[in-house]
Every structure is written in structure tokens, then in C-alpha cells.
Protein chains: 2
Amino acid sequence: MSSPSADLAVVGGGQLARMMQQAAVGLGIHIRLLAEGPDVSAAQVIPDHRVGDHTSLDDLRDLAAGVPVITFDHEHVPPEHLRALEAEGHACRPGPHALLFAQDKGAMRARLDELGVPCPRHASVSSLADLEAFGFPAVVKTTRGGYDGKGVWFVHSAADAEEALSSDRELIAEELVDFRRELSALVARRPSGDTVAWPVVESRQVDGVCKEVVAPAPDLDDHLAQEAEAIARTIASALDVTGVLAVELFETSDGRLLVNELAMRPHNTGHWTIDGAATSQFENHLRAVLDRPLGPAGPRAPWSVMVNILGGSVDDLEAQLSVVLDAVADIRVHLYGKSVKAGRKVGHVTAVGDDLDDAQARARRAADLFEKGTTHE
Amino acid sequence: MSSPSADLAVVGGGQLARMMQQAAVGLGIHIRLLAEGPDVSAAQVIPDHRVGDHTSLDDLRDLAAGVPVITFDHEHVPPEHLRALEAEGHACRPGPHALLFAQDKGAMRARLDELGVPCPRHASVSSLADLEAFGFPAVVKTTRGGYDGKGVWFVHSAADAEEALSSDRELIAEELVDFRRELSALVARRPSGDTVAWPVVESRQVDGVCKEVVAPAPDLDDHLAQEAEAIARTIASALDVTGVLAVELFETSDGRLLVNELAMRPHNTGHWTIDGAATSQFENHLRAVLDRPLGPAGPRAPWSVMVNILGGSVDDLEAQLSVVLDAVADIRVHLYGKSVKAGRKVGHVTAVGDDLDDAQARARRAADLFEKGTTHE
């Protein structure tokens, strides 16, 4: 029998940890999970899980006991706990020195400025006077804790700024970028520095939430694709990121790239890699954090289209599966084992193929059927 | 939180159940497992498992309580237990009426004869006189319980027959087929009858154990490929198989096909489909036994080569993983979480690509490194 000792501790039981487990099964990697509850997405599929609080150092120590490496489903573990775990001999990947820049948008902007990485114009703001000095329109963000459109305000005048400024959190103002579209550059990096880059993708948001990803980004100029990849490699290296790094970018209307956000974990804009790339982001994340050689990140088909399934009017996704598979013959389905709530990410579908329009139509149709029980057509 | 009720009961905790779980995670299917021990291959990755004996009706009933459908990692559940479970309202897929023909080679040959499916010449034998009447050389097999070369004797003369005839089991004699190679035709069939067929593959055995599979079978005449697929569809339909059916075939030196063996579960000759087909045999097995629409079974690349990892001189496969991934850049690794014993199937690797020789070289090199720690080159 195999040893019951774990190879890797994962903090957080969401769908990212769940999809890490699918990759771990193939590689024979034993994951030990810290889950928010006994039935959360990843706890359903990882036998060696315990329920605990990622803000409790005791719970983190209990998780990590005897496990050499720790990685994360999210970016919300307090940095001081990560430093404590490192001092006790565990490798945190990514480490707190890197993760800081995914946790704190102020620190991220300052560091990217130092590196010469192009960003939207930005300034720390704490008052209406600061904001008026920055100028309208502006995007105001909490420096910590925002995600999927939360903690973000679009401010066109002093009157719009009230809610943002009434928050007692640190804020950063950024210019409202005039962009053609959003792109994402995804890389995986080992502690040794070895890095692989997946093709740059286009990411389409609805209400601040990623809805659709097309890989590779259609009609992207070669020099922009190369620049996006170079930006991701520069950031991964300079910030000493280990594991997957996602760099979300604006492609501006005048043909420049500006960094929007960073994530240091497998990312929604990389879910297409499970079905569409030679090695998935989840497998390469595991290989990277365990310091094993990385797999090739090239595409397996000319086009991959991933569409998120956001909670809608269909309550029983597993029952709906038959309807979807009947209606859309060639579709890869990924359900996260989550109960349906309005707008919640409960799964995704990916279509791959030689024809972009066809793949997109299949993926959208399948997601529509999971969300609404019917299609727009 | 999702309901803790299981969608599917799986009997047997080997690598086939483990790989079913990888597919189940994506589809949001909850598997409940009956495992031979707490740490067997599939129990490591299926949280909802219990340890029990597949020959105990009580253990099977405990597993199946509240679960509508039961499927199998192996063919060794006593048929009378399956009939009892069916009488109690559970759907066994495949059912005992079908599974009989994978459990009993005598019954299988008789039924295939009725169907006009080409088989090697064969006869039931229980004495040396029977065997002499059949003629030498012959392959003598126990009608039940043999696998991977066990329960099979190659008999060239009366002297060779002693061990086989001294067994107290039912025996069947078959002609020693003069074959070019072995093929395998794999289909998945729903209770409704809908069936999909993967490309026919070539399977290469060493000492009676599958070592390497090439998909599709190189240089296979179209009419033989069609005949092999038609044979598999005929058997699946006539025997009312639900789930995956593998039909192992001889391609004779004079260009005919003869059925060698049947398996009614995901099969070693279909492991390439995880990485090389639009839908894997494990996913379509789940979809078939749960009566959901089947996915397309076409190839994702011109060539896929799967090589089994058989236990050799390397004890720690997980430690060896880095060596393998370093030496062979583009390889898909599947480890089963099993301790290494000489000749035991402990994993497999698959290489896909446009060039057969290259894919074969990569897969063989990776398997060699897992088995011997080094390559022959």
C-alpha cells in the first residue's frame, strides 16, 4: 500500500483545489486539503481533508504537519501565517513575498512601476480631494480583498465616490482604460526559475465576472502576444512567483497592453487548458510547486472556447447534464459540486475544434442550457 | 452544499475505479466505492469508500443502499449476488445476464458461435482423451477466473497438459491461432442501445500481459477495421452489454479476425483514450451506465501510444516522476498509487502526436525509466 503521507497541502476547498485533485490523481500526488466545510467543492473529491479556517495559524499548522509544500486555492491566507509556516520549515508556493503582490493592489502597482511593466495610471487615494486631484472618470478599488467585481467602483463624479470613500479600507484609483478587450497571459514557474507560457487568451467579462475565454486570443498581433508573454515572464521572475501566475491585461484601443490584475494560482482564464492544452494549468501548477519538470503548454487544437456556468434558473445541474450532452454532442463539462446561487460560478464547459465560430456556439449553447434550461435560439 | 447521496456504486478499488473517479469529478458524479482495503488505488481518491468483500452480499447491499446504479472495476462479483441486487431494485450495469459472458469463456464461446461471430476453433475438455481428440497444439484455459495470462496453458503434447488437467476447474481448449497481431475493438453502450466505437487499436502483449497499445492500429485494412467495430457492436447489442465492452481480437496471418476475449468494463487497451480521444473510455463508461448521452470517440491526434508501467527495479515511482518528466518532455503520466511488485501494473504513460515513431519512442522511454530507472539506449 502506498504511504498515507501527503505530498502537498492545499489551503482552500474551492473548484481550483478540486481541479488540482484531478491532475494529482494522474500523477500519484497525495493532496491534504484544508476545507471551509465538510462538503465544499474540493472536499467532495479529496479523501484526506480536514475542516478548518485559513486565518487560523493552528489550523494551518495542523494541515501542514509532515507535509513539505503548501499551495493555495485562493490568496486570502494572512501573510504573517505564511511566514510562520516558512520559518517552521514548510515551503509556501507561492511564498508570502510573492503573494503580497496578488493580495495588495497598492504594493502590486508600486512594484510593477519599478519593473517598468505598463499599468494604468494610478494613485493611492483616501479622500475626495485625492480623487479630484487624480481626476474623473476613475476606477476606485480596495487594495485588498476585492474579487469578481467586488470592491471596485466606477467613479465618474464626486457624487459617485461616496460609497467607495465611506469604506474604511485602503483605496487605489486607476484611470478608466479605453480598451478593445481583455487578455490573459498565463505562465507556470518552478522554484528553479524554469517557466512555461500558455498561449495568450481573450477573456470576456460580464458584470466584472469572467464569462468566456477564447484561446488563443483571436487576431492578436504577434508582437502584442509576445509582449504579453514577456510581461508575464518578467513578473513571475521578478516577484519570484512559484506555481501558476495569471496576468490579466487590457489591450487598449490604441494598441497597447496594460496590466489589470495578477493572480498567483490556477485562474479562470486558464480552465480551457484542461481540454485544450498539452498540459493543463492544474497539472503544471502541481509540477511547479513540487519543483518537478513542467509540461508543454501548447494548444491541442486550433481553438478552445471556455464558458463559465453561472448559477441561473436550473437548480439540479447533474440532472441537466443529460439535456446538455444530448443537445451538444462534443462538449467537455466541468461541474464543481456546488449548489446553485444566482451568478455563482458552478462549473464551466469547454469546446475545442478547428472552427472558432462552431466551438464558441457549442460552448455557449451548453452553458446556456446549464443556466437557463433552454437556449436563446 | 451538494447532497451526500451517491449517483453510482462501484465495486472494486483498482486503477479502473480510480480512473473512473477522475472522469466523475468533472461531471459532478458522486461515486461510492467498495474497496478491498483502506489504501487500495481507488480508495486513495474516492472519499466515499468503504472496505468490504465483493463476494459478500451483505457488503454489496451496504454499498448499494440508496444508490440507483452499480458498476464494476472487475468481473468477479458472483452472478447470484448481482441478481439479488437487481431484484432489490438496483440496476447492475453491465447486468448479470451480460457479465456471464465475460466471466465464463465456455458460455462466451457458445454464445458467439450462435451469433456467427468468428472465434478460434474450440471445445470443452476435461480429460487427456478430450484434448487428444481436439488435437495439438492447443491453448487450454480455465473457463472462469483467468486473467493476464493466468489460467492459460500452451499445450503442444500430452506431456504439456498435465498441469492444466490437474486443475479441478472447467477447461476449454482453443486452437493456437497463427496471428499477425492482436487488436482491440472498444465500444460503450447505453441501456437505450446507443453505442459509440473508438478507433480499433493494436495491442502488444508480453508474457500474456498487455504492454503497449497503438491507436489506431497501424496499417489496418479498412474492411478489417469495419469488421472489428461491427463485431464489437454486434456483441454489445446481442449480449445487452451496458457500459464499456472491449473485444480483444486476433488478426490472423491470412487476414481474418477471430475473437480472443471479452471484457465488460474499461479496459487496458482503452487507456489511451484519456489523452488521445475526444471522450475517454472512463467518462463514456460513466455516461453509459448512468444512461446519459455518450460523447464522441474520435481521436484527438493522429497517433496515440500507451505503454504500461510494470513493476521493475524502481521502488518509488513518485520520486522517479521528476526523472521521467525531465527526460521526456511531452508525456502523459498515470500512476495508480500502488506499491511496486515485479510485473505488477502500477501505471501507464501515453504519448500523442503526428508521428508514430516519435510517439512510440517517447512512451517507451518514459515507461522504461519508471521500470528500470534508465533506458535501453
# chains A, B, ... in the order shown; residues from 1 in each chain; ligands from 1

call {"tool": "residues_around", "arguments": {"residues": "stretch 223-227 of chain A", "least_positions_apart": "6", "cutoff": "9 Å", "atoms": "only C-alpha atoms", "output": "ChimeraX atom specification"}}
result
/A:185,199-200,217,251,255-257

call {"tool": "write_last_selection", "arguments": {"atoms": "N, CA and C atoms", "output": "PDB file, in the first residue's frame"}}
result
ATOM      1  N   ALA A 185      -2.434  36.445 -19.808  1.00  0.00           N
ATOM      2  CA  ALA A 185      -1.184  35.714 -20.077  1.00  0.00           C
ATOM      3  C   ALA A 185      -0.901  34.832 -18.865  1.00  0.00           C
ATOM      4  N   PRO A 199      -0.575  29.860 -24.542  1.00  0.00           N
ATOM      5  CA  PRO A 199      -0.965  30.914 -25.490  1.00  0.00           C
ATOM      6  C   PRO A 199      -1.785  31.999 -24.780  1.00  0.00           C
ATOM      7  N   VAL A 200      -1.586  33.245 -25.176  1.00  0.00           N
ATOM      8  CA  VAL A 200      -2.346  34.367 -24.607  1.00  0.00           C
ATOM      9  C   VAL A 200      -3.799  34.263 -25.074  1.00  0.00           C
ATOM     10  N   ALA A 217      -6.168  34.186 -28.217  1.00  0.00           N
ATOM     11  CA  ALA A 217      -6.919  35.420 -28.456  1.00  0.00           C
ATOM     12  C   ALA A 217      -7.009  35.650 -29.964  1.00  0.00           C
ATOM     13  N   GLU A 251      -6.020  45.235 -23.597  1.00  0.00           N
ATOM     14  CA  GLU A 251      -5.498  45.649 -24.894  1.00  0.00           C
ATOM     15  C   GLU A 251      -6.215  46.955 -25.209  1.00  0.00           C
ATOM     16  N   GLY A 255      -3.836  50.082 -29.094  1.00  0.00           N
ATOM     17  CA  GLY A 255      -2.882  49.011 -29.364  1.00  0.00           C
ATOM     18  C   GLY A 255      -1.769  48.836 -28.355  1.00  0.00           C
ATOM     19  N   ARG A 256      -1.996  49.222 -27.102  1.00  0.00           N
ATOM     20  CA  ARG A 256      -1.007  48.965 -26.066  1.00  0.00           C
ATOM     21  C   ARG A 256      -1.540  47.924 -25.087  1.00  0.00           C
ATOM     22  N   LEU A 257      -0.640  47.383 -24.281  1.00  0.00           N
ATOM     23  CA  LEU A 257      -1.034  46.468 -23.206  1.00  0.00           C
ATOM     24  C   LEU A 257      -0.824  47.145 -21.864  1.00  0.00           C
TER      25      LEU A 257
END

call {"tool": "residues_around", "arguments": {"residues": "B:Ser126", "least_positions_apart": "3", "cutoff": "12 Å", "atoms": "only C-alpha atoms", "output": "PyMOL selection string"}}
result
chain B and resi 123+129-134+140-143+161-162+164-173

call {"tool": "write_last_selection", "arguments": {"atoms": "C-alpha atoms", "output": "PDB file, in the first residue's frame"}}
result
ATOM      1  CA  ALA B 123     -14.047 -27.418 -27.425  1.00  0.00           C
ATOM      2  CA  ALA B 129      -8.612 -38.076 -24.290  1.00  0.00           C
ATOM      3  CA  ASP B 130     -10.717 -34.948 -24.949  1.00  0.00           C
ATOM      4  CA  LEU B 131      -7.577 -32.962 -25.569  1.00  0.00           C
ATOM      5  CA  GLU B 132      -6.081 -35.577 -27.902  1.00  0.00           C
ATOM      6  CA  ALA B 133      -9.356 -35.619 -29.812  1.00  0.00           C
ATOM      7  CA  PHE B 134      -9.154 -31.800 -30.104  1.00  0.00           C
ATOM      8  CA  VAL B 140      -6.107 -24.670 -22.682  1.00  0.00           C
ATOM      9  CA  LYS B 141      -7.877 -22.158 -20.463  1.00  0.00           C
ATOM     10  CA  THR B 142      -9.931 -22.306 -17.305  1.00  0.00           C
ATOM     11  CA  THR B 143     -13.398 -21.128 -18.278  1.00  0.00           C
ATOM     12  CA  ALA B 161      -1.221 -30.968 -20.500  1.00  0.00           C
ATOM     13  CA  GLU B 162      -0.595 -32.322 -17.027  1.00  0.00           C
ATOM     14  CA  ALA B 164      -3.910 -27.858 -16.877  1.00  0.00           C
ATOM     15  CA  LEU B 165      -5.741 -31.170 -16.498  1.00  0.00           C
ATOM     16  CA  SER B 166      -4.780 -31.467 -12.839  1.00  0.00           C
ATOM     17  CA  SER B 167      -6.756 -28.307 -12.120  1.00  0.00           C
ATOM     18  CA  ASP B 168     -10.233 -29.126 -10.879  1.00  0.00           C
ATOM     19  CA  ARG B 169     -11.742 -26.278 -12.888  1.00  0.00           C
ATOM     20  CA  GLU B 170     -13.733 -26.393 -16.094  1.00  0.00           C
ATOM     21  CA  LEU B 171     -11.463 -26.132 -19.113  1.00  0.00           C
ATOM     22  CA  ILE B 172     -11.806 -25.086 -22.714  1.00  0.00           C
ATOM     23  CA  ALA B 173      -9.336 -25.894 -25.473  1.00  0.00           C
TER      24      ALA B 173
END

call {"tool": "interface_residues", "arguments": {"of": "chain B", "to": "chain A", "cutoff": "8 Å", "atoms": "only C-alpha atoms", "output": "ChimeraX atom specification"}}
result
/B:1-2,4,18,22,25-29,39-40,44-48,278,292-296,300,318,321-322,325-326,329-331,333-339

call {"tool": "closest_residue", "arguments": {"among": "B:His271, B:Lys211, B:His285, B:Lys150", "to": "B:Gln15", "atoms": "only C-alpha atoms"}}
result
B:His271

call {"tool": "select_by_dssp", "arguments": {"residues": "stretch 122-311 of chain A", "states": "strand (DSSP E or B)", "output": "number ranges by chain"}}
result
A: 122-125, 138-142, 147, 150, 152-155, 171-175, 179-189, 195-197, 201-206, 209-215, 243-252, 257-263, 277, 299, 303-310

call {"tool": "closest_residue", "arguments": {"among": "B:Leu100, B:Leu60, B:Val155, B:Val196", "to": "B:Gly12", "atoms": "only C-alpha atoms"}}
result
B:Leu60

call {"tool": "closest_residue", "arguments": {"among": "B:Val77, B:Ala159, B:Met306, B:Cys119", "to": "B:Glu261", "atoms": "only C-alpha atoms"}}
result
B:Cys119

call {"tool": "select_by_dssp", "arguments": {"residues": "stretch 84-312 of chain A", "states": "helix (DSSP H, G or I)", "output": "PyMOL selection string"}}
result
chain A and resi 84-87+96-103+105-115+128-134+158-166+222-238+268-270+273-276+281-289

call {"tool": "atom_distance", "arguments": {"atom1": "atom CA of B:Ser253", "atom2": "atom CA of B:Asp219"}}
result
14.1 Å

call {"tool": "atom_distance", "arguments": {"atom1": "atom CA of B:Gln320", "atom2": "atom CA of B:Pro266"}}
result
27.2 Å

call {"tool": "residues_around", "arguments": {"residues": "A:Leu258", "least_positions_apart": "6", "cutoff": "6 Å", "atoms": "only C-alpha atoms", "output": "list in words"}}
result
Pro118, Cys119, Pro120, Leu249 and Phe250 of chain A

call {"tool": "write_last_selection", "arguments": {"atoms": "C-alpha atoms", "output": "JSON list (two decimals), in the first residue's frame"}}
result
[["chain", "number", "residue", "atom", "x", "y", "z"],
["A", 118, "PRO", "CA", 2.96, 49.07, -18.25],
["A", 119, "CYS", "CA", -0.01, 49.73, -15.95],
["A", 120, "PRO", "CA", -2.98, 52.08, -16.00],
["A", 249, "LEU", "CA", -4.25, 42.68, -19.31],
["A", 250, "PHE", "CA", -6.11, 45.39, -21.17]]
